[in-house]
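This report refers to the structure that appears directly beneath it.
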Amino acid sequence: MNGRLQRSVVVVGGGATGVILAANLARFSDNVRVAVVEKSGEFGRGLAYSTRLADHRLNVRADMMGAFSQDTRGFWSWIKAEKLVTHDYAHSFLPRDLYGRYLSALFDDIRALPGGQVRGIADECIDINTTSSGVEVLLASGVSLPAHAAILAVGHDPNPAPEQAFGQRLSGRKADIDPNGRIVILGSGLSMIDAWLSLEHQGHRGQVIVISRRGLLPQAHVALRNPLHLDSADVPLGTELSYFVRWFGELVEETKRAGGDWRDVIDGLRPFNQRIWREWPLSARRRFLEHTKAWWDIHRHRLAPDVRARAEEAIAEGRLKLVAAKVLEASHNEAGQTTLTVRPRNRTETDTIVADHVIDCTGVAKDITRSSLPLLQKLFAKGLIRPDPLRLGIDVTANCAAVDRTGAASTKLFAIGPVTRGAFFEIDAIPEIREQCAALASQLSGEISISRSA
Amino acid sequence: MLDIVLQPIQASSRTRSVFKAMLTRKGKYGLKALNHLASLEPGELAFVGEIASSNNISKKFLDAILGELRNAGFVQSRKGKDGGYRLARPADEIKVGHVIRILDGPLAPIPCASRTRYQPCDDCDEATCKVRHLMLEVRQAIADVLDNRTLADVRDILEVAPSDDRMAGAL
């Protein structure tokens, strides 16, 4: 094409990750053709940004949400240019709907680039085969897309784990729930807050009971952000978990003595989280998931301060109730209610909770081999991909290359975004996702100059 | 059990508040001991006395060092007649920089170039001190070297170099 060596890639999944990757490819190369395949046909929305509810907010400040590492204020600049907010406060936590609109607009922009470098395909990817020259991506409509490489950007699983199938996920749309019914929400993290806000928005009057192993509510952001300035040389790496936790605790104490806040330590560590995770022995990673993650999550994934205040108010008024317990069993009665047998934390005897409706918000750490996505099931079965040792996601190298059943890194199949959490761990939020996308985009376009010189 | 595990870490956190030179004797002996363990056959354990005498380290000092390395998860110990120490993980999974951070604290060429164990100099202003800025760069270079060398690399330093020379000669 025009004498230019062209490389083509297919991005599977057009949520936030897929669109940010496509945008990075379009912005930093003119020799890579990109097709983004998205089942819903809504590009840039995905699971996180498809909500239209204004109460569903970003938990990163507006001026840190840009799609490009080189321009982290990009989202905020767009918001100002489009006059979508009247205030001038770049540190605010804006509705996620606005971010979805930003990514959709960004995708429209790159789709309009001359030469049709970027295409959006509203279809479902059902299978991928590797060929001698690259990959063949099969779509539900029967179309097959040949390309040099495919990138799995499938995001979070939209469905609950099979063992929690008695709970339903709430989408952004109005749920068919009796406004006086008693609701149980499983999980107490940020998605629980989303679900609770959805219920509030549709005027729910019944009690909402939140059940999680520890019953911890996410912490709030504070107005001033003052991350500790750390270098990798300061951070203990490769140790067992207990050593790290001790170091972390001492650093928090020291920071507080110096007039700081625990958030300064969490925020200061953030640039190193992927490396800390990667360099821990497997035993430390496993222990972290079992014992520390719940505690870490409520401190790391924080709420906009006003949202947290609303949740506290609802708890004080008894509309929202937090229960620290483990769900042992669920059964349905003839009235269509669900009876949950739970064991409260630190107790041996069980309790029973009857709910009119159960909502699953247990989060993202579930066994990837039990994914509800048929595509992943197919690729696992063929051995083109394999789970990471903890089964959190797809096993990839530090360069996002998918590792196959035999342990070999692919040159044709990649994975990016939350589905790589087993290898990257800190890869749920835009600041990390855009870094990962930028690195993969430069890798995918850089390989062309290598083949060109060869 | 918990008390025994916690004690050496508390001791180390006291000493960490005093700045030590880049690679103290403790760090050096710790690396020597780990190198000793990296040379064992799989499944083999080494007695503290044996490591101490073959590396010229006092046994009491080495006991303390190995205790800290065990708390951080780099070595395992077994008590009794067949007891001793061994690496907790394969030698090619343990980075030298990781070990030095445990024994000597944050990697830093001079005290004011550490962020967490920072100690100001009483004779200069840190914001404008150009030497400090240079040393922060040095510090990153130190980390880049030490975090990219594993115990297996260190173990093989002398073995690999001559064979490389022979290869070069043959070519």
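By convention here, the chains of the structure tokens are called A, B, ... in the order presented, each chain's residues are numbered starting at 1, and ligands are numbered starting at 1 in the order presented.
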Could you give me, as a Markdown table, a per-residue list for chain B showing, wherever an atom lies at most 6 Å from an atom of chain A, the closest pair of atoms and their distance in Å to one decimal, using only C-alpha atoms and sorting by chain then residue number from low to high?
```
| residue | atom | partner | partner_atom | distance |
| --- | --- | --- | --- | --- |
| B:Ala72 | CA | A:Thr239 | CA | 5.0 |
| B:Gly73 | CA | A:Glu240 | CA | 4.8 |
| B:His98 | CA | A:Leu237 | CA | 5.4 |
| B:Pro106 | CA | A:Asp234 | CA | 4.6 |
| B:Leu107 | CA | A:Ala233 | CA | 5.1 |
| B:Arg115 | CA | A:Leu230 | CA | 5.9 |
| B:Ala143 | CA | A:Ala233 | CA | 5.8 |
```
TODO: Output as a PyMOL selection string all residues of segment 56-143 of chain B that backbone DSSP marks as strand (DSSP E).
DONE: chain B and resi 75-78+84-87
- [ ] Using only C-alpha atoms, find the one residue out of A:Ser141, A:Pro431, A:Leu320, A:Leu21 that sits nearest to Gly74 of chain A.
- [x]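 Among A:Ser141, A:Pro431, A:Leu320, A:Leu21, it is A:Pro431 that comes nearest to Gly74 of chain A.
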Task: Shell around Ala22 of chain A at 8 Å using only C-alpha atoms, local window under 4 positions removed, as a PyMOL selection string - done: chain A and resi 11+18+26+34+36+118
- [ ] For atom CA of Ser54 of chain B and atom CA of Leu34 of chain B, determine how far apart the two atoms are, in Å to one decimal place.
- [x] 12.6 Å
TODO: Identify, on the basis of only C-alpha atoms, every residue whose closest approach to segment 53-58 of chain A does not exceed 8 Å; exclude the query and any residue fewer than 6 positions from it along the same chain; express the result as a list of chain:residue names.
DONE: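 The filter keeps A:Phe93, A:Leu94, A:Pro95, A:Arg96, A:Asp97, A:Gly172, A:Asp194, A:Leu197, A:Ser198, A:Ala304.
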Task: Backbone-only DSSP, helix (DSSP H, G or I) members of segment 200-361 of chain A, as a ChimeraX atom specification - done: /A:200-201,232-234,241-257,262-279,282-300,305-316
Could you save the residues just selected, with C-alpha atoms, as an mmCIF file, in the first residue's frame?
```
data_model
loop_
_atom_site.group_PDB
_atom_site.id
_atom_site.type_symbol
_atom_site.label_atom_id
_atom_site.label_comp_id
_atom_site.auth_asym_id
_atom_site.auth_seq_id
_atom_site.Cartn_x
_atom_site.Cartn_y
_atom_site.Cartn_z
ATOM 1 C CA GLU A 200 -30.794 4.639 45.405
ATOM 2 C CA HIS A 201 -31.257 6.252 42.021
ATOM 3 C CA SER A 232 12.779 1.559 43.130
ATOM 4 C CA ALA A 233 15.982 1.533 45.211
ATOM 5 C CA ASP A 234 13.851 2.269 48.302
ATOM 6 C CA LEU A 241 4.816 -11.082 52.080
ATOM 7 C CA SER A 242 5.283 -10.726 55.851
ATOM 8 C CA TYR A 243 8.524 -8.822 55.347
ATOM 9 C CA PHE A 244 6.957 -6.452 52.851
ATOM 10 C CA VAL A 245 3.904 -5.832 55.018
ATOM 11 C CA ARG A 246 6.174 -5.016 57.967
ATOM 12 C CA TRP A 247 8.181 -2.563 55.842
ATOM 13 C CA PHE A 248 4.993 -0.994 54.544
ATOM 14 C CA GLY A 249 3.581 -0.583 58.053
ATOM 15 C CA GLU A 250 6.776 1.092 59.272
ATOM 16 C CA LEU A 251 6.746 3.467 56.303
ATOM 17 C CA VAL A 252 3.130 4.430 57.014
ATOM 18 C CA GLU A 253 3.991 5.093 60.665
ATOM 19 C CA GLU A 254 7.003 7.208 59.699
ATOM 20 C CA THR A 255 4.962 9.142 57.165
ATOM 21 C CA LYS A 256 2.276 9.852 59.745
ATOM 22 C CA ARG A 257 4.878 10.995 62.275
ATOM 23 C CA TRP A 262 -1.317 6.665 54.672
ATOM 24 C CA ARG A 263 -2.616 7.655 51.241
ATOM 25 C CA ASP A 264 0.763 9.278 50.529
ATOM 26 C CA VAL A 265 2.402 5.861 50.920
ATOM 27 C CA ILE A 266 -0.180 3.978 48.814
ATOM 28 C CA ASP A 267 0.014 6.622 46.077
ATOM 29 C CA GLY A 268 3.823 6.781 46.249
ATOM 30 C CA LEU A 269 4.073 3.026 45.807
ATOM 31 C CA ARG A 270 1.730 2.922 42.832
ATOM 32 C CA PRO A 271 4.421 3.312 40.134
ATOM 33 C CA PHE A 272 6.145 0.229 41.598
ATOM 34 C CA ASN A 273 3.117 -1.992 42.193
ATOM 35 C CA GLN A 274 3.515 -3.991 38.989
ATOM 36 C CA ARG A 275 7.156 -4.604 39.728
ATOM 37 C CA ILE A 276 6.543 -5.487 43.379
ATOM 38 C CA TRP A 277 3.964 -8.039 42.251
ATOM 39 C CA ARG A 278 6.116 -9.483 39.471
ATOM 40 C CA GLU A 279 9.193 -9.911 41.656
ATOM 41 C CA LEU A 282 4.577 -17.117 43.917
ATOM 42 C CA SER A 283 4.095 -17.922 47.608
ATOM 43 C CA ALA A 284 3.996 -14.194 48.467
ATOM 44 C CA ARG A 285 1.531 -13.467 45.655
ATOM 45 C CA ARG A 286 -0.718 -16.286 46.818
ATOM 46 C CA ARG A 287 -0.602 -15.115 50.443
ATOM 47 C CA PHE A 288 -1.354 -11.566 49.361
ATOM 48 C CA LEU A 289 -4.511 -12.687 47.582
ATOM 49 C CA GLU A 290 -5.635 -14.715 50.571
ATOM 50 C CA HIS A 291 -4.812 -12.401 53.438
ATOM 51 C CA THR A 292 -3.958 -8.902 52.310
ATOM 52 C CA LYS A 293 -5.803 -8.074 49.095
ATOM 53 C CA ALA A 294 -9.146 -7.215 50.715
ATOM 54 C CA TRP A 295 -7.421 -4.764 53.012
ATOM 55 C CA TRP A 296 -5.203 -3.406 50.243
ATOM 56 C CA ASP A 297 -8.140 -2.866 47.878
ATOM 57 C CA ILE A 298 -10.140 -0.630 50.201
ATOM 58 C CA HIS A 299 -7.102 1.604 50.659
ATOM 59 C CA ARG A 300 -5.880 1.533 47.077
ATOM 60 C CA PRO A 305 -15.167 11.832 49.269
ATOM 61 C CA ASP A 306 -18.819 12.834 48.811
ATOM 62 C CA VAL A 307 -19.802 9.314 47.720
ATOM 63 C CA ARG A 308 -18.170 7.823 50.795
ATOM 64 C CA ALA A 309 -20.010 10.368 52.960
ATOM 65 C CA ARG A 310 -23.328 9.293 51.417
ATOM 66 C CA ALA A 311 -22.556 5.628 52.114
ATOM 67 C CA GLU A 312 -21.688 6.406 55.737
ATOM 68 C CA GLU A 313 -24.926 8.300 56.135
ATOM 69 C CA ALA A 314 -26.929 5.367 54.734
ATOM 70 C CA ILE A 315 -25.145 3.010 57.136
ATOM 71 C CA ALA A 316 -25.891 5.300 60.082
#
```
TODO: Please provide as a list of chain:residue names all residues within 12 Å of Glu137 of chain B, with the sequence filter that same-chain residues fewer than 5 positions apart are discarded (counting only C-alpha atoms).
DONE: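 Residues meeting the cut-off are A:Asp231, A:Ala233, B:Leu107, B:Ala108, B:Pro109, B:Ile110, B:Ala113, B:Ser114, B:Lys130, B:Val131, B:Arg132, B:Ile142, B:Ala143, B:Asp144.
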- [ ] Can you pull out every residue within 10 Å of Leu190 of chain A, counting only C-alpha atoms, but drop anything in the same chain fewer than 2 positions away, and send it as a VMD selection string?
- [x] chain A and resid 56 59 187 to 188 192 to 196 217 to 219 297 to 298 301 to 303 361 to 363
